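Enquirer: Sharing a structure here in structure tokens format.
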2 protein chains.
Amino acid sequence: MAENEGRITIHMAASLDGYIARADGSVDWMETADEYAAGEELDADYVSRFLEGIDCYLMGSGTYLTALDFEKRGLGWAYGDKPVLVLTSRALEHSRESVTFHSEDLQGLLKQLRGRYANIWVAGGGKLAGNMMRLGLVDEIRYSILPVLIGKGISFFEGLDNDVALHLLKSRAYRSGMVALRYAVAR
Amino acid sequence: MAENEGRITIHMAASLDGYIARADGSVDWMETADEYAAGEELDADYVSRFLEGIDCYLMGSGTYLTALDFEKRGLGWAYGDKPVLVLTSRALEHSRESVTFHSEDLQGLLKQLRGRYANIWVAGGGKLAGNMMRLGLVDEIRYSILPVLIGKGISFFEGLDNDVALHLLKSRAYRSGMVALRYAVAR
């Protein structure tokens, strides 16, 4: 990776048993009620500074539809006015100007994005994450574990066919019982 | 649960993508090479005192065969002379006196064990863990995450059909890049 190229981070939240959504895409189980007294508070200022630092979001069609559904239920649009690139060949609702649809070659698109943005976030889902890992296109994984088992659903990395060695960068436990792990991907 | 009844803990190590073994049962991927400078050292004295506190082990046939294979490859028998109860209806090699085979009703067996032992550990695999969770027989889960993705394999909890809420008790990151999580199971 050239020094001035953008970094690609995959960020997802999962149940302890490794699912990012139920089979139908729903994420209702994410509203857990745990309290871990020894955990850090998730500071709102920190979160908003953190989100400021993200330059664009990449996602698959399922994640986009989930985000639209959240918004329709009054839970807001999680990506502000940051560019959101949806990888899809489906004709989906074009909800706002910041959203663009892309069906071209993933490697070519990411090369472009890396030249333009410093901090590129992949918001899901499992298929896109698996594809990107297989193609060696990921620099960092942020994996947040919620205190619940859901038994079945969509896995974080679908269709990986090789082992991928990781390097733990940070582990943090929050008051909500969520554990946030950060790994560099060995490339 | 009566006050003087033994506690049941499920303990497993998994890849970040939630697999406890490859499809063929192998766990070669557990030998990761990561180093996390901010992590705690795993102190040998602590580990041996900790293992002393376990009164008996429960496992499925696959886990038992993996343990036998480890021993044959010169890697030792992980359970000392503690009682090891193997849940199986298969005719397996009886490797030592401390090992007994049980094919009876899981609930009945655990009731007996709870009367006899204070600290009962379930060493795997996914099917047994899933069954015990479904039957509401588990007090605590210890889940150690290794810094690697393996893409496919045997899941930690097979065949869970309900959500199970958890309460985070402890999160620890080690020098080896392993993150050890400890949860109470809401009962």
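So you can find residues: chains in the structure tokens are A, B, ... in the order shown, residues in each start at 1, and ligands are numbered from 1 in order.
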Mind checking DSSP for range 10-187 of chain B and telling me the strand (DSSP E) residues as a ChimeraX atom specification?
Expert: /B:10-15,19-21,56-60,84-87,99-102,119-122,140-146,148-149,154-155,164-173,179-185
Enquirer: Selected residues, N, CA and C atoms, written as a compact mmCIF listing (two decimals), in the first residue's frame, please.
Expert:
# COMPACT_ATOMS: atom_id res chain seq x y z
N ILE B 10 -19.37 -23.12 30.51
CA ILE B 10 -18.91 -23.56 29.19
C ILE B 10 -17.67 -22.76 28.84
N HIS B 11 -16.62 -23.44 28.45
CA HIS B 11 -15.37 -22.76 28.12
C HIS B 11 -14.89 -23.20 26.75
N MET B 12 -14.77 -22.24 25.84
CA MET B 12 -14.24 -22.59 24.52
C MET B 12 -13.41 -21.45 23.96
N ALA B 13 -12.50 -21.83 23.09
CA ALA B 13 -11.72 -20.85 22.34
C ALA B 13 -12.24 -20.86 20.91
N ALA B 14 -12.29 -19.68 20.30
CA ALA B 14 -12.85 -19.57 18.95
C ALA B 14 -12.05 -18.57 18.13
N SER B 15 -12.17 -18.71 16.82
CA SER B 15 -11.64 -17.69 15.91
C SER B 15 -12.53 -16.45 16.01
N TYR B 19 -15.69 -19.73 15.05
CA TYR B 19 -15.58 -21.17 14.89
C TYR B 19 -14.66 -21.75 15.96
N ILE B 20 -15.05 -22.91 16.50
CA ILE B 20 -14.24 -23.54 17.54
C ILE B 20 -13.34 -24.63 16.96
N ALA B 21 -13.60 -25.04 15.73
CA ALA B 21 -12.76 -26.04 15.05
C ALA B 21 -13.09 -25.98 13.56
N CYS B 56 -14.68 -31.07 37.62
CA CYS B 56 -14.82 -32.11 36.60
C CYS B 56 -15.11 -31.47 35.25
N TYR B 57 -14.85 -32.24 34.21
CA TYR B 57 -15.05 -31.77 32.83
C TYR B 57 -16.12 -32.61 32.15
N LEU B 58 -16.89 -31.94 31.33
CA LEU B 58 -17.93 -32.59 30.54
C LEU B 58 -17.61 -32.27 29.08
N MET B 59 -17.73 -33.27 28.20
CA MET B 59 -17.47 -32.96 26.78
C MET B 59 -18.21 -33.92 25.87
N GLY B 60 -18.35 -33.51 24.61
CA GLY B 60 -18.92 -34.39 23.59
C GLY B 60 -17.84 -35.30 23.01
N VAL B 84 -13.40 -36.82 33.78
CA VAL B 84 -13.83 -36.33 32.47
C VAL B 84 -15.02 -37.18 32.05
N LEU B 85 -16.18 -36.54 31.90
CA LEU B 85 -17.39 -37.26 31.49
C LEU B 85 -17.64 -36.98 30.02
N VAL B 86 -17.66 -38.03 29.22
CA VAL B 86 -17.88 -37.87 27.78
C VAL B 86 -19.32 -38.26 27.47
N LEU B 87 -20.06 -37.31 26.92
CA LEU B 87 -21.46 -37.55 26.53
C LEU B 87 -21.46 -38.19 25.16
N VAL B 99 -11.71 -41.12 32.85
CA VAL B 99 -12.71 -40.90 31.79
C VAL B 99 -13.87 -41.88 31.94
N THR B 100 -15.10 -41.35 31.91
CA THR B 100 -16.27 -42.23 31.87
C THR B 100 -17.20 -41.78 30.73
N PHE B 101 -17.96 -42.73 30.20
CA PHE B 101 -18.85 -42.43 29.07
C PHE B 101 -20.30 -42.44 29.54
N HIS B 102 -21.07 -41.52 29.02
CA HIS B 102 -22.46 -41.36 29.47
C HIS B 102 -23.36 -41.13 28.28
N ASN B 119 -17.73 -27.01 40.74
CA ASN B 119 -17.24 -26.26 39.58
C ASN B 119 -17.10 -27.19 38.38
N ILE B 120 -18.15 -27.22 37.58
CA ILE B 120 -18.26 -28.18 36.47
C ILE B 120 -17.97 -27.45 35.16
N TRP B 121 -17.00 -27.95 34.39
CA TRP B 121 -16.64 -27.27 33.14
C TRP B 121 -17.04 -28.08 31.92
N VAL B 122 -17.63 -27.38 30.98
CA VAL B 122 -17.98 -28.00 29.70
C VAL B 122 -16.91 -27.57 28.70
N GLU B 140 -22.46 -20.00 33.22
CA GLU B 140 -21.44 -19.05 32.80
C GLU B 140 -20.82 -19.50 31.49
N ILE B 141 -20.45 -18.51 30.67
CA ILE B 141 -19.74 -18.79 29.42
C ILE B 141 -18.39 -18.08 29.47
N ARG B 142 -17.34 -18.83 29.18
CA ARG B 142 -16.02 -18.22 29.00
C ARG B 142 -15.62 -18.45 27.57
N TYR B 143 -15.41 -17.35 26.88
CA TYR B 143 -15.22 -17.39 25.43
C TYR B 143 -13.92 -16.67 25.12
N SER B 144 -12.94 -17.40 24.61
CA SER B 144 -11.64 -16.80 24.31
C SER B 144 -11.48 -16.66 22.81
N ILE B 145 -11.22 -15.43 22.36
CA ILE B 145 -11.16 -15.13 20.93
C ILE B 145 -9.71 -15.03 20.48
N LEU B 146 -9.35 -15.86 19.51
CA LEU B 146 -7.99 -15.84 18.98
C LEU B 146 -7.92 -14.92 17.77
N VAL B 148 -7.53 -14.54 14.61
CA VAL B 148 -7.49 -15.18 13.29
C VAL B 148 -8.92 -15.37 12.79
N LEU B 149 -9.09 -15.32 11.46
CA LEU B 149 -10.35 -15.71 10.82
C LEU B 149 -10.12 -17.04 10.11
N ILE B 154 -16.91 -25.51 12.71
CA ILE B 154 -17.93 -25.87 13.69
C ILE B 154 -18.21 -24.65 14.57
N SER B 155 -19.47 -24.27 14.67
CA SER B 155 -19.84 -23.09 15.45
C SER B 155 -19.87 -23.41 16.93
N VAL B 164 -30.41 -15.69 23.69
CA VAL B 164 -30.03 -15.83 25.10
C VAL B 164 -29.31 -14.56 25.52
N ALA B 165 -29.90 -13.85 26.50
CA ALA B 165 -29.27 -12.62 27.00
C ALA B 165 -28.11 -12.98 27.90
N LEU B 166 -27.03 -12.22 27.80
CA LEU B 166 -25.83 -12.47 28.60
C LEU B 166 -25.49 -11.23 29.42
N HIS B 167 -24.73 -11.47 30.48
CA HIS B 167 -24.24 -10.35 31.30
C HIS B 167 -22.71 -10.43 31.36
N LEU B 168 -22.07 -9.41 30.79
CA LEU B 168 -20.60 -9.40 30.77
C LEU B 168 -20.06 -9.32 32.19
N LEU B 169 -19.17 -10.25 32.54
CA LEU B 169 -18.56 -10.26 33.88
C LEU B 169 -17.13 -9.76 33.85
N LYS B 170 -16.45 -10.01 32.71
CA LYS B 170 -15.02 -9.67 32.66
C LYS B 170 -14.54 -9.73 31.22
N SER B 171 -13.66 -8.81 30.87
CA SER B 171 -13.03 -8.83 29.56
C SER B 171 -11.53 -8.61 29.77
N ARG B 172 -10.72 -9.49 29.20
CA ARG B 172 -9.27 -9.40 29.40
C ARG B 172 -8.56 -9.66 28.09
N ALA B 173 -7.55 -8.84 27.79
CA ALA B 173 -6.76 -9.06 26.59
C ALA B 173 -5.36 -9.52 27.01
N VAL B 179 -8.33 -12.55 23.42
CA VAL B 179 -9.23 -11.78 24.28
C VAL B 179 -10.16 -12.77 24.98
N ALA B 180 -10.14 -12.75 26.32
CA ALA B 180 -10.95 -13.69 27.08
C ALA B 180 -12.16 -12.98 27.67
N LEU B 181 -13.34 -13.43 27.29
CA LEU B 181 -14.59 -12.83 27.76
C LEU B 181 -15.29 -13.80 28.70
N ARG B 182 -15.92 -13.23 29.71
CA ARG B 182 -16.63 -14.05 30.69
C ARG B 182 -18.03 -13.46 30.85
N TYR B 183 -19.05 -14.31 30.67
CA TYR B 183 -20.45 -13.87 30.76
C TYR B 183 -21.25 -14.76 31.71
N ALA B 184 -22.17 -14.16 32.43
CA ALA B 184 -23.20 -14.93 33.13
C ALA B 184 -24.37 -15.11 32.17
N VAL B 185 -25.01 -16.27 32.24
CA VAL B 185 -26.18 -16.52 31.40
C VAL B 185 -27.41 -16.12 32.19
Enquirer: Could you state the separation of CA of Tyr36 in chain A and CA of Asp139 in chain B in Å, given to one decimal place?
Expert: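 We find that CA of Tyr36 in chain A and CA of Asp139 in chain B lie 17.1 Å from each other.
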Enquirer: Going by DSSP on the backbone, which bits of range 82-143 of chain A are helix (DSSP H, G or I)? Write them as number ranges by chain, please.
Expert: A: 106-116, 126-134
Enquirer: Of the candidates A:Asn4, A:Asp55, A:Trp29, A:Ser48, which shows the shortest atom-to-atom distance to chain B, using only C-alpha atoms?
Expert: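 Checking each of A:Asn4, A:Asp55, A:Trp29, A:Ser48 against chain B, counting only C-alpha atoms, the winner is A:Trp29.
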Enquirer: Using only C-alpha atoms, which protein or nucleic acid residues come within 10 Å of Phe157 in chain A? Drop anything in the same chain fewer than 5 positions from it, and give the result as a list in words.
Expert: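 Listed by chain and then number, they are Gly18, Tyr19, Ile20, Gly124, Gly125, Gly126, Lys127, Leu128, Ala129, Gly130, Asn131, Met132, Met133 and Arg134 of chain A; Leu16, Asp17, Leu149, Ile150, Gly151 and Lys152 of chain B.
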Enquirer: Can you spit out the residues from that selection as a compact mmCIF listing (two decimals), in the first residue's frame, using C-alpha atoms?
Expert:
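What ended up in selection24.txt:
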# COMPACT_ATOMS: atom_id res chain seq x y z
CA GLY A 18 -20.83 -14.26 15.44
CA TYR A 19 -23.97 -13.10 13.65
CA ILE A 20 -24.39 -9.57 12.31
CA GLY A 124 -21.43 -4.44 5.96
CA GLY A 125 -22.71 -6.89 5.20
CA GLY A 126 -21.14 -10.31 5.41
CA LYS A 127 -20.91 -10.93 1.69
CA LEU A 128 -19.11 -7.65 0.91
CA ALA A 129 -16.81 -8.09 3.94
CA GLY A 130 -16.00 -11.66 2.87
CA ASN A 131 -15.28 -10.57 -0.71
CA MET A 132 -13.02 -7.76 0.42
CA MET A 133 -11.11 -10.01 2.79
CA ARG A 134 -10.67 -12.63 0.07
CA LEU B 16 -12.86 -14.10 15.58
CA ASP B 17 -15.46 -15.37 13.09
CA LEU B 149 -10.35 -15.71 10.82
CA ILE B 150 -10.85 -19.24 9.48
CA GLY B 151 -13.94 -18.74 7.31
CA LYS B 152 -15.82 -21.95 8.05
